[in-house]
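Trainee: Here you go, this is my_file-v9.cif (mmCIF, C-alpha atoms and all ligand atoms).
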data_structure
#
loop_
_atom_site.label_atom_id
_atom_site.label_comp_id
_atom_site.auth_asym_id
_atom_site.auth_seq_id
_atom_site.Cartn_x
_atom_site.Cartn_y
_atom_site.Cartn_z
CA ALA A 1 19.08 -2.94 10.68
CA THR A 2 17.49 -2.43 14.05
CA ARG A 3 13.72 -2.75 13.88
CA PRO A 4 11.66 0.04 15.38
CA ALA A 5 10.05 -0.94 18.66
CA LEU A 6 6.41 -1.73 17.96
CA LEU A 7 3.77 0.35 19.66
CA GLN A 8 1.34 -1.41 21.94
CA ARG A 9 -1.60 0.92 22.21
CA ALA A 10 -4.54 -1.28 21.19
CA ALA A 11 -5.83 -1.19 24.78
CA ASP A 12 -6.57 2.53 24.31
CA PHE A 13 -9.23 1.63 21.73
CA PRO A 14 -12.26 -0.04 23.33
CA ILE A 15 -13.80 -1.27 20.07
CA LEU A 16 -10.75 -3.41 19.32
CA SER A 17 -11.61 -5.81 22.11
CA ARG A 18 -15.03 -6.64 20.69
CA PRO A 19 -15.11 -9.88 18.73
CA VAL A 20 -16.56 -9.93 15.20
CA HIS A 21 -18.22 -13.17 14.02
CA GLY A 22 -16.81 -14.71 17.17
CA LYS A 23 -13.25 -13.95 16.09
CA ARG A 24 -10.64 -11.52 17.36
CA LEU A 25 -11.05 -8.33 15.33
CA ALA A 26 -8.12 -7.48 13.06
CA TYR A 27 -9.14 -4.03 11.92
CA LEU A 28 -7.25 -3.26 8.72
CA ASP A 29 -9.61 -0.74 7.14
CA ASN A 30 -7.96 2.35 8.55
CA GLY A 31 -7.82 4.07 5.20
CA ALA A 32 -11.62 4.25 5.32
CA THR A 33 -11.77 5.38 8.93
CA THR A 34 -9.80 4.80 12.10
CA GLN A 35 -11.07 3.61 15.47
CA LYS A 36 -11.25 6.04 18.39
CA PRO A 37 -9.24 5.94 21.60
CA ASP A 38 -10.91 6.49 24.98
CA ALA A 39 -9.28 9.92 25.09
CA VAL A 40 -11.37 11.03 22.09
CA ILE A 41 -14.58 9.30 23.14
CA GLU A 42 -14.31 10.84 26.60
CA ALA A 43 -13.47 14.31 25.26
CA GLU A 44 -16.60 14.38 23.14
CA ARG A 45 -18.77 12.92 25.87
CA GLY A 46 -17.20 15.22 28.44
CA PHE A 47 -18.00 18.23 26.28
CA TYR A 48 -21.69 17.37 26.28
CA ARG A 49 -21.71 16.50 29.95
CA HIS A 50 -19.81 19.51 31.27
CA SER A 51 -19.19 22.19 28.67
CA ASN A 52 -21.96 22.29 26.11
CA ALA A 53 -23.15 25.72 24.94
CA ASN A 54 -23.13 27.58 21.66
CA ILE A 55 -19.92 29.45 20.88
CA HIS A 56 -19.09 33.06 20.04
CA ARG A 57 -22.37 34.46 21.24
CA GLY A 58 -22.70 33.99 24.92
CA VAL A 59 -22.27 36.45 27.71
CA HIS A 60 -22.63 33.49 29.99
CA TRP A 61 -19.81 31.42 31.38
CA LEU A 62 -20.60 28.15 29.62
CA SER A 63 -20.64 29.78 26.21
CA GLN A 64 -17.28 31.35 26.84
CA HIS A 65 -15.96 28.04 28.09
CA ALA A 66 -17.22 26.22 24.99
CA THR A 67 -15.66 28.91 22.80
CA GLU A 68 -12.33 28.43 24.54
CA LEU A 69 -12.45 24.68 23.94
CA TYR A 70 -13.32 25.22 20.27
CA ASP A 71 -10.45 27.70 19.87
CA ALA A 72 -8.07 25.32 21.64
CA ALA A 73 -8.96 22.63 19.11
CA ARG A 74 -8.08 25.03 16.31
CA THR A 75 -4.72 25.62 17.96
CA SER A 76 -4.20 21.84 18.11
CA VAL A 77 -4.78 21.63 14.36
CA GLN A 78 -2.38 24.52 13.84
CA GLY A 79 0.26 22.62 15.83
CA LEU A 80 -0.38 19.37 13.97
CA LEU A 81 0.20 21.02 10.58
CA ASN A 82 2.73 23.59 11.81
CA ALA A 83 0.67 26.42 10.33
CA ALA A 84 1.97 29.90 11.06
CA SER A 85 -1.30 30.99 12.68
CA ALA A 86 -4.48 29.42 14.05
CA ASP A 87 -6.36 31.86 11.80
CA GLU A 88 -5.15 29.79 8.86
CA ILE A 89 -7.23 26.83 10.05
CA VAL A 90 -10.85 26.54 8.91
CA PHE A 91 -12.97 23.79 10.42
CA THR A 92 -14.92 21.81 7.85
CA ARG A 93 -16.88 18.56 7.80
CA GLY A 94 -13.80 16.86 6.43
CA THR A 95 -11.51 16.66 3.44
CA THR A 96 -14.34 16.65 0.93
CA GLU A 97 -15.87 19.84 2.25
CA ALA A 98 -12.46 21.51 2.53
CA ILE A 99 -11.72 20.83 -1.14
CA ASN A 100 -15.17 22.03 -2.20
CA LEU A 101 -14.61 25.19 -0.17
CA VAL A 102 -11.42 25.94 -2.11
CA ALA A 103 -13.08 25.12 -5.43
CA GLN A 104 -16.02 27.41 -4.79
CA SER A 105 -14.43 30.20 -2.81
CA TRP A 106 -10.95 30.40 -4.29
CA GLY A 107 -11.62 28.94 -7.74
CA ARG A 108 -15.02 30.07 -8.85
CA PRO A 109 -14.42 33.83 -8.77
CA ARG A 110 -10.93 33.50 -10.24
CA LEU A 111 -10.87 30.90 -12.96
CA THR A 112 -11.94 31.58 -16.48
CA VAL A 113 -12.23 29.87 -19.85
CA GLY A 114 -9.05 28.00 -20.73
CA ASP A 115 -7.47 28.13 -17.28
CA GLU A 116 -6.09 24.78 -16.21
CA ILE A 117 -6.39 22.70 -13.06
CA LEU A 118 -3.85 19.92 -12.73
CA VAL A 119 -4.64 16.76 -10.76
CA THR A 120 -3.00 13.33 -10.78
CA HIS A 121 -4.45 10.09 -12.06
CA MET A 122 -4.38 8.67 -8.52
CA GLU A 123 -6.69 11.17 -6.86
CA HIS A 124 -9.64 10.23 -4.70
CA HIS A 125 -12.97 11.25 -6.24
CA SER A 126 -13.18 14.08 -3.72
CA ASN A 127 -10.09 15.65 -5.31
CA ILE A 128 -11.53 15.21 -8.81
CA VAL A 129 -15.25 15.91 -8.80
CA PRO A 130 -15.15 19.37 -7.11
CA TRP A 131 -12.74 20.46 -9.87
CA GLN A 132 -14.95 19.00 -12.57
CA LEU A 133 -17.86 21.01 -11.16
CA LEU A 134 -15.66 24.10 -11.07
CA CYS A 135 -14.61 23.53 -14.69
CA GLU A 136 -18.26 23.35 -15.73
CA GLN A 137 -18.94 26.59 -13.87
CA THR A 138 -15.96 28.55 -15.19
CA GLY A 139 -14.85 26.98 -18.47
CA ALA A 140 -11.54 25.92 -16.92
CA VAL A 141 -9.99 22.65 -18.10
CA LEU A 142 -8.98 19.67 -15.94
CA LYS A 143 -5.60 18.14 -16.84
CA VAL A 144 -4.37 14.83 -15.47
CA VAL A 145 -0.80 13.81 -14.64
CA PRO A 146 -0.35 10.14 -15.54
CA VAL A 147 0.66 7.48 -13.04
CA GLU A 148 3.16 4.70 -13.72
CA ILE A 149 1.99 1.12 -13.48
CA ASN A 150 3.81 0.71 -10.13
CA GLY A 151 1.81 3.58 -8.67
CA GLU A 152 4.40 6.34 -8.91
CA LEU A 153 3.67 9.70 -10.44
CA ASP A 154 5.12 10.37 -13.88
CA MET A 155 7.28 13.33 -12.86
CA LEU A 156 8.36 14.18 -16.39
CA ALA A 157 4.75 14.35 -17.47
CA PHE A 158 4.03 16.60 -14.49
CA ASP A 159 6.73 19.01 -15.67
CA GLY A 160 5.33 18.88 -19.17
CA LEU A 161 1.74 19.53 -18.15
CA LEU A 162 2.61 22.44 -15.89
CA GLY A 163 2.16 25.51 -18.05
CA GLU A 164 1.30 29.15 -18.02
CA ARG A 165 -2.41 28.37 -18.00
CA THR A 166 -2.05 26.20 -14.89
CA ARG A 167 -3.80 28.04 -12.08
CA LEU A 168 -4.13 25.27 -9.55
CA VAL A 169 -2.36 21.99 -8.81
CA ALA A 170 -4.43 19.65 -6.62
CA ILE A 171 -2.53 16.57 -5.47
CA THR A 172 -2.84 13.92 -2.86
CA HIS A 173 -0.14 13.56 -0.22
CA VAL A 174 -0.69 9.80 0.10
CA SER A 175 -2.73 7.70 -2.33
CA ASN A 176 -5.60 6.02 -0.49
CA ALA A 177 -5.74 3.20 -3.04
CA LEU A 178 -2.03 2.34 -3.37
CA GLY A 179 -0.23 4.01 -0.49
CA THR A 180 2.12 5.96 -2.76
CA VAL A 181 3.62 8.98 -0.97
CA LEU A 182 3.95 11.89 -3.37
CA PRO A 183 6.89 14.32 -3.17
CA VAL A 184 4.54 17.15 -2.33
CA ALA A 185 7.23 19.71 -1.44
CA GLU A 186 8.99 19.19 -4.75
CA LEU A 187 5.72 19.29 -6.70
CA THR A 188 4.68 22.44 -4.84
CA ALA A 189 7.96 24.20 -5.63
CA LYS A 190 7.55 23.39 -9.31
CA ALA A 191 3.92 24.49 -9.33
CA HIS A 192 4.80 27.76 -7.63
CA ALA A 193 7.58 28.38 -10.12
CA ALA A 194 4.92 28.08 -12.80
CA GLY A 195 2.69 30.53 -10.93
CA ALA A 196 0.08 28.01 -9.78
CA VAL A 197 -1.57 27.66 -6.40
CA VAL A 198 -1.27 24.24 -4.69
CA LEU A 199 -3.80 22.22 -2.74
CA VAL A 200 -2.67 19.03 -1.01
CA ASP A 201 -5.20 16.37 -0.04
CA GLY A 202 -3.84 15.13 3.28
CA ALA A 203 -6.66 12.70 4.14
CA GLN A 204 -4.31 9.70 4.15
CA ALA A 205 -1.26 11.51 5.45
CA VAL A 206 -1.94 13.30 8.72
CA ALA A 207 -2.35 10.17 10.84
CA HIS A 208 0.71 8.46 9.42
CA THR A 209 3.51 10.97 9.08
CA THR A 210 4.51 14.40 10.33
CA VAL A 211 3.06 17.14 8.20
CA ASP A 212 4.54 20.62 8.03
CA VAL A 213 2.61 22.88 5.69
CA GLN A 214 5.30 25.53 5.85
CA ALA A 215 8.00 23.04 4.85
CA ILE A 216 5.79 21.67 2.06
CA GLY A 217 5.07 25.24 1.05
CA CYS A 218 1.55 24.44 -0.18
CA ASP A 219 -1.25 26.99 -0.20
CA PHE A 220 -4.03 24.69 0.99
CA TYR A 221 -3.99 21.42 2.93
CA ALA A 222 -7.13 19.40 3.66
CA PHE A 223 -7.76 16.52 6.05
CA SER A 224 -10.51 14.62 7.89
CA GLY A 225 -10.62 14.07 11.64
CA HIS A 226 -12.09 10.58 11.38
CA LYS A 227 -8.99 9.20 9.67
CA LEU A 228 -6.91 10.64 12.52
CA TYR A 229 -8.63 8.79 15.39
CA GLY A 230 -11.06 11.69 15.74
CA PRO A 231 -14.83 11.93 15.26
CA THR A 232 -16.65 11.89 11.93
CA GLY A 233 -18.10 15.13 10.61
CA ILE A 234 -15.09 17.28 11.47
CA GLY A 235 -11.94 18.10 9.57
CA ALA A 236 -9.97 21.12 8.56
CA LEU A 237 -8.62 23.20 5.77
CA TYR A 238 -5.31 24.96 6.14
CA GLY A 239 -5.08 27.99 3.90
CA ARG A 240 -2.30 30.53 3.61
CA ARG A 241 -3.55 33.66 5.23
CA ALA A 242 -3.12 35.98 2.25
CA LEU A 243 -5.21 33.61 0.17
CA LEU A 244 -7.94 33.07 2.75
CA ASP A 245 -8.21 36.81 3.37
CA ALA A 246 -8.76 37.40 -0.34
CA MET A 247 -11.46 34.73 -0.70
CA PRO A 248 -15.17 35.50 -0.51
CA PRO A 249 -17.42 33.39 1.72
CA TRP A 250 -18.90 30.30 0.16
CA GLN A 251 -21.81 29.77 2.55
CA GLY A 252 -23.77 32.53 4.24
CA GLY A 253 -25.37 32.59 7.64
CA GLY A 254 -24.73 33.37 11.25
CA ASP A 255 -21.26 33.46 12.78
CA MET A 256 -19.56 34.47 9.53
CA ILE A 257 -20.64 38.10 9.35
CA ARG A 258 -19.49 41.38 10.84
CA THR A 259 -22.66 43.38 10.17
CA VAL A 260 -25.82 42.51 8.31
CA ALA A 261 -28.15 45.01 6.72
CA PHE A 262 -30.49 44.51 3.79
CA GLU A 263 -28.49 47.09 1.87
CA HIS A 264 -25.07 45.59 2.55
CA THR A 265 -23.52 42.84 4.63
CA THR A 266 -19.90 42.69 5.69
CA PHE A 267 -18.07 39.54 6.60
CA ALA A 268 -15.92 38.41 9.47
CA PRO A 269 -12.23 37.76 8.75
CA SER A 270 -11.06 34.22 8.11
CA PRO A 271 -11.45 31.65 9.52
CA GLN A 272 -14.90 32.70 10.83
CA ARG A 273 -15.87 33.87 7.36
CA PHE A 274 -15.80 30.26 6.21
CA GLU A 275 -17.64 28.76 9.18
CA ALA A 276 -21.26 29.77 8.68
CA GLY A 277 -23.73 28.52 11.26
CA THR A 278 -23.20 26.62 14.47
CA PRO A 279 -20.21 24.38 13.81
CA ASN A 280 -19.53 20.85 15.00
CA ILE A 281 -18.24 22.06 18.35
CA ALA A 282 -18.12 18.69 20.09
CA GLY A 283 -16.49 17.20 17.00
CA ALA A 284 -13.79 19.87 17.05
CA VAL A 285 -13.15 19.15 20.73
CA GLY A 286 -12.89 15.44 19.89
CA LEU A 287 -10.51 16.20 17.04
CA GLY A 288 -8.37 18.30 19.37
CA ALA A 289 -8.18 15.35 21.75
CA ALA A 290 -7.22 13.03 18.89
CA ILE A 291 -4.42 15.36 17.83
CA GLU A 292 -3.10 15.57 21.38
CA TYR A 293 -3.29 11.77 21.58
CA VAL A 294 -1.22 11.16 18.44
CA ARG A 295 1.22 13.91 19.27
CA GLY A 296 1.61 12.39 22.72
CA ILE A 297 2.77 9.16 21.10
CA GLY A 298 4.71 10.99 18.39
CA LEU A 299 4.02 10.87 14.68
CA GLU A 300 7.57 9.72 13.96
CA ARG A 301 7.03 6.71 16.20
CA ILE A 302 3.69 6.01 14.60
CA ALA A 303 5.24 6.26 11.13
CA ALA A 304 8.07 3.88 12.13
CA HIS A 305 5.59 1.40 13.60
CA GLU A 306 3.38 1.41 10.52
CA HIS A 307 6.39 1.14 8.27
CA ALA A 308 7.55 -1.96 10.11
CA LEU A 309 4.07 -3.45 9.69
CA LEU A 310 4.06 -2.52 6.01
CA GLU A 311 7.39 -4.29 5.49
CA GLN A 312 6.23 -7.37 7.34
CA ALA A 313 2.92 -7.49 5.48
CA THR A 314 4.52 -6.83 2.08
CA ALA A 315 6.91 -9.73 2.60
CA ALA A 316 4.18 -12.04 3.90
CA LEU A 317 1.78 -11.29 1.05
CA ALA A 318 4.54 -11.55 -1.56
CA ASP A 319 5.02 -15.12 -0.35
CA ILE A 320 1.43 -16.08 -1.12
CA ARG A 321 1.25 -17.80 -4.47
CA GLY A 322 -1.40 -16.31 -6.73
CA LEU A 323 -1.38 -12.97 -4.91
CA ARG A 324 -0.36 -9.81 -6.74
CA LEU A 325 0.48 -6.57 -4.97
CA VAL A 326 -0.90 -3.49 -6.70
CA GLY A 327 1.19 -0.37 -6.15
CA THR A 328 4.85 -0.92 -5.40
CA ALA A 329 6.15 2.64 -5.30
CA ALA A 330 9.48 3.14 -3.55
CA ASN A 331 7.98 5.55 -1.03
CA LYS A 332 4.83 4.11 0.49
CA ALA A 333 2.64 4.63 3.55
CA GLY A 334 0.96 1.74 5.37
CA ILE A 335 -1.50 0.76 2.66
CA LEU A 336 -1.40 -2.55 0.78
CA SER A 337 -3.60 -3.16 -2.24
CA PHE A 338 -3.68 -6.63 -3.74
CA LEU A 339 -5.47 -9.11 -5.96
CA VAL A 340 -5.75 -12.84 -5.48
CA ASP A 341 -6.06 -15.02 -8.61
CA GLY A 342 -9.52 -16.43 -9.11
CA ILE A 343 -11.13 -14.60 -6.18
CA HIS A 344 -13.01 -11.35 -6.68
CA PRO A 345 -11.93 -8.71 -4.14
CA HIS A 346 -15.46 -8.55 -2.75
CA ASP A 347 -15.57 -12.31 -2.18
CA LEU A 348 -12.16 -12.13 -0.59
CA GLY A 349 -13.32 -9.29 1.67
CA THR A 350 -16.36 -11.31 2.73
CA ILE A 351 -14.33 -14.39 3.62
CA LEU A 352 -11.77 -12.31 5.48
CA ASP A 353 -14.61 -10.66 7.38
CA SER A 354 -15.89 -14.05 8.51
CA GLU A 355 -12.42 -14.55 10.04
CA GLY A 356 -12.61 -11.22 11.87
CA VAL A 357 -10.30 -9.49 9.39
CA ALA A 358 -11.74 -6.15 8.24
CA ILE A 359 -10.37 -4.88 4.94
CA ARG A 360 -11.81 -2.81 2.12
CA ALA A 361 -12.63 -4.17 -1.32
CA GLY A 362 -13.49 -2.13 -4.39
CA HIS A 363 -12.32 0.90 -6.32
CA HIS A 364 -11.56 2.96 -3.18
CA CYS A 365 -13.22 6.05 -4.67
CA ALA A 366 -10.42 6.15 -7.23
CA MET A 367 -12.16 4.79 -10.32
CA PRO A 368 -9.91 6.61 -12.83
CA LEU A 369 -6.86 5.00 -11.19
CA MET A 370 -8.42 1.53 -11.37
CA THR A 371 -9.23 2.14 -15.05
CA ARG A 372 -5.62 3.19 -15.61
CA LEU A 373 -4.38 -0.01 -13.95
CA GLY A 374 -6.87 -2.08 -15.93
CA ILE A 375 -8.56 -3.58 -12.87
CA PRO A 376 -12.05 -3.10 -11.41
CA GLY A 377 -10.75 -2.76 -7.88
CA THR A 378 -8.50 -4.30 -5.25
CA ALA A 379 -8.54 -5.69 -1.75
CA ARG A 380 -6.88 -3.20 0.56
CA ALA A 381 -5.36 -3.55 3.99
CA SER A 382 -4.39 -0.28 5.65
CA PHE A 383 -2.59 0.12 8.94
CA ALA A 384 -2.92 2.29 12.01
CA LEU A 385 -0.94 2.76 15.20
CA TYR A 386 -2.86 0.02 17.04
CA ASN A 387 -2.23 -2.74 14.49
CA SER A 388 0.16 -5.51 15.37
CA PRO A 389 1.99 -8.39 13.70
CA ALA A 390 -0.89 -10.59 14.94
CA ASP A 391 -3.23 -8.65 12.65
CA ILE A 392 -0.99 -9.44 9.69
CA ASP A 393 -0.84 -13.10 10.68
CA ALA A 394 -4.65 -13.11 10.78
CA LEU A 395 -4.76 -11.47 7.34
CA VAL A 396 -2.41 -14.03 5.83
CA ALA A 397 -4.21 -16.98 7.42
CA ALA A 398 -7.57 -15.69 6.17
CA ILE A 399 -6.26 -15.27 2.62
CA HIS A 400 -4.99 -18.87 2.71
CA LYS A 401 -8.40 -19.97 3.90
CA ALA A 402 -10.10 -18.10 1.02
CA GLN A 403 -7.76 -19.79 -1.45
CA ARG A 404 -8.60 -23.20 0.00
CA MET A 405 -12.33 -22.46 -0.22
CA PHE A 406 -12.01 -21.36 -3.85
CA GLY A 407 -9.63 -24.21 -4.64
CA THR A 408 -7.11 -21.68 -5.96
CA ARG A 409 -4.30 -22.30 -3.51
CA GLY A 410 -1.24 -22.47 -5.71
CA ALA A 411 1.00 -24.31 -3.31
N1 LIG B 501 -8.99 12.05 -0.13
C1 LIG B 501 -8.45 10.87 0.17
C2 LIG B 501 -7.06 10.56 -0.30
C3 LIG B 501 -9.17 9.96 0.95
O1 LIG B 501 -8.64 8.78 1.25
C4 LIG B 501 -10.46 10.31 1.40
C5 LIG B 501 -11.31 9.35 2.23
N2 LIG B 501 -11.29 8.04 1.76
C6 LIG B 501 -10.97 11.56 1.06
C7 LIG B 501 -10.19 12.40 0.30
C8 LIG B 501 -12.33 12.01 1.49
O2 LIG B 501 -12.38 12.15 2.86
P1 LIG B 501 -13.78 12.41 3.59
O3 LIG B 501 -14.73 11.37 3.03
O4 LIG B 501 -13.49 12.19 5.02
O5 LIG B 501 -14.20 13.78 3.25
#
Show me this structure written as structure tokens.
Ligand code: PMP

Mentor:
Amino acid sequence: ATRPALLQRAADFPILSRPVHGKRLAYLDNGATTQKPDAVIEAERGFYRHSNANIHRGVHWLSQHATELYDAARTSVQGLLNAASADEIVFTRGTTEAINLVAQSWGRPRLTVGDEILVTHMEHHSNIVPWQLLCEQTGAVLKVVPVEINGELDMLAFDGLLGERTRLVAITHVSNALGTVLPVAELTAKAHAAGAVVLVDGAQAVAHTTVDVQAIGCDFYAFSGHKLYGPTGIGALYGRRALLDAMPPWQGGGDMIRTVAFEHTTFAPSPQRFEAGTPNIAGAVGLGAAIEYVRGIGLERIAAHEHALLEQATAALADIRGLRLVGTAANKAGILSFLVDGIHPHDLGTILDSEGVAIRAGHHCAMPLMTRLGIPGTARASFALYNSPADIDALVAAIHKAQRMFGTRGA
């Protein structure tokens, strides 16, 4: 098979040229957050230097200019997700806030005692806890689709759990802990056939694959800008228009109203209805720049690049005696979780760090999944468009070094 040509874009990311502990930085913690290209850093800085004003309220030129930039960012998100309309995009602080918005605005007025919310056993805490809170508030019940030991979803169990009381199915697109890619279109079709609404947590998907919310067919799709080479504190919720239009506001304040009187207040249409107060304007502009950056490279190319790295890294790690890969689903994104005999993931992470290799160690905000797998946590390497085979070589060399230090090197 012909290998995809590897991208060489590390030079776009200034932080990658800074050494860490005197070593070349191999940044493999992209599941936690990605680094930012100059295009994003300059867009945010440029906004403050040339365009800063509050939006939606100015008669003056700068305010109108800032509003245009903010609206253009919304259109970029629409393009990224292939939403039918920019009005279906609500800016949020990130995935977590987007999911909480759906729980409180869609779920709280609708759900009642005995209604069911279906999640999977591999969800991130931010796609579990908002539903637990909602269940406490409404008397709804949280049901959990089991996960196979290799990290795949138990599809038969999903079918079995989907019932007439199921009101909402909330599933991740890509598991942050294991890299499993879920068949979200298929799951959505089944959920819709059962009359349920579907939310997809796209936090680990948008930077790594093309996403088309119309092709998936889901009702809500949430993601964070900072995992997509954009700033922190900005993300978005896609919501199907008919649903958003029928949802009450969840936070009140300026910018989300039509008229306010002490007797009665009326609300702006979506998406403004869900964006109370001055939003993260500069963050949205930065996110827009990040989206244009990745679309300029092409998400297919990025996916092919990361897949090649995943294959290389999977083979290299499988060769290390005493190392066990956790999560071996057939369809995976560029995330590798693993355990090394005799070395706690935190100790491993610390030794790797001293070699300039940044990974994550722990439960990855997926404690129920770790409990299911019978482990306290894993070491996790996760890839981005700027990673290279040299980063994987550094990872492998650092793991060997840790094994030598712990005297656990099998070979
Ligand atoms: N869902 C998944 C699958 C994630 O990986 C993350 C971030 N680790 C989140 C949700 C939460 O994202 P944020 O903290 O940016 O809101």

Trainee: Choose the residue, out of A:Asn127, A:Ser76, A:Thr278, A:Ser224, that has the smallest atom-to-atom separation from Ala236 of chain A; count all atoms listed in the file.

Mentor: A:Ser224

Trainee: If the box runs along x, y and z of the file and leaves 4 Å on each side of ligand LIG 501 (chain B), what are its centre and edge lengths in Å, one decimal, as AutoDock Vina command-line options?

Mentor:
--center_x -10.9 --center_y 10.9 --center_z 2.4 --size_x 15.7 --size_y 13.7 --size_z 13.3

Trainee: Check which residues fall inside 8 Å of ligand LIG 501 (chain B) when counting only C-alpha atoms and all ligand atoms, and print them as an NGL selection string.

Mentor: :A and (31-33 or 93-98 or 123-127 or 172-177 or 201-204 or 223-227 or 232-233 or 235 or 364-365)

Trainee: Pick out the residues sitting within 12 Å of Val147 of chain A, and hand them over as a list in words; count all atoms listed in the file, and ignore anything fewer than 5 positions along from it in its own chain.

Mentor: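 Non-adjacent residues within range: Val119, Thr120, His121, Met122, Glu123, Glu152, Leu153, Asp154, Met155, Leu156, Ala157, Phe158, Ser175, Leu178, Thr180, Leu182, Gly327, Ala329, Pro368, Leu369, Met370, Thr371, Arg372 and Leu373 of chain A.
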
Trainee: Mind giving me the straight-line distance from atom CA of Leu287 of chain A to atom CA of Lys36 of chain A in Å, one decimal?

Mentor: 10.3 Å

Trainee: Just to confirm, what's the straight-line distance from atom CA of Asn100 of chain A to atom CA of Glu186 of chain A in Å (one decimal)?

Mentor: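 Going from atom CA of Asn100 of chain A over to atom CA of Glu186 of chain A, I get 24.5 Å.
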
Trainee: Can you measure atom CA of Gly283 of chain A to atom CA of Ile297 of chain A for me? One decimal in Å is fine.

Mentor: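 These atoms are spaced 21.3 Å apart.
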
Trainee: Do you know which residues lie at most 9 Å from (6.3, -2.6, 5.2), with coordinates as in the file and all atoms listed in the file counted, and could you write them as JSON, numbers by chain?

Mentor: {"A": [306, 307, 308, 309, 310, 311, 312, 313, 314, 315, 332, 333, 334, 335, 336]}

Trainee: Near Val213 of chain A, counting only C-alpha atoms, which residues have an atom at most 10 Å away, once you skip same-chain residues fewer than 5 positions from it, shown as a list in words?

Mentor: Gln78, Leu80, Leu81, Asn82, Ala83, Ala84, Ala185, Val200, Cys218, Asp219, Phe220, Tyr221, Tyr238, Gly239 and Arg240 of chain A

Trainee: Find, counting all atoms listed in the file, the residue in A:His344, A:His60, A:Arg273, A:Arg301 that gets nearest to Glu88 of chain A.

Mentor: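 Selected residue with least distance to Glu88 of chain A: A:Arg273.
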
Trainee: Nearest residue to Arg74 of chain A out of A:Gly288, A:Gly298, A:Gly407, A:Pro269, using only C-alpha atoms?

Mentor: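 Under the stated criterion, the closest residue is A:Gly288.
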
Trainee: So which one's closest to Val129 of chain A, A:Ala282, A:Ile359, A:Met405, A:Met367? Using only C-alpha atoms, please.

Mentor: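 Ranked by minimum distance to Val129 of chain A, first place goes to A:Met367.
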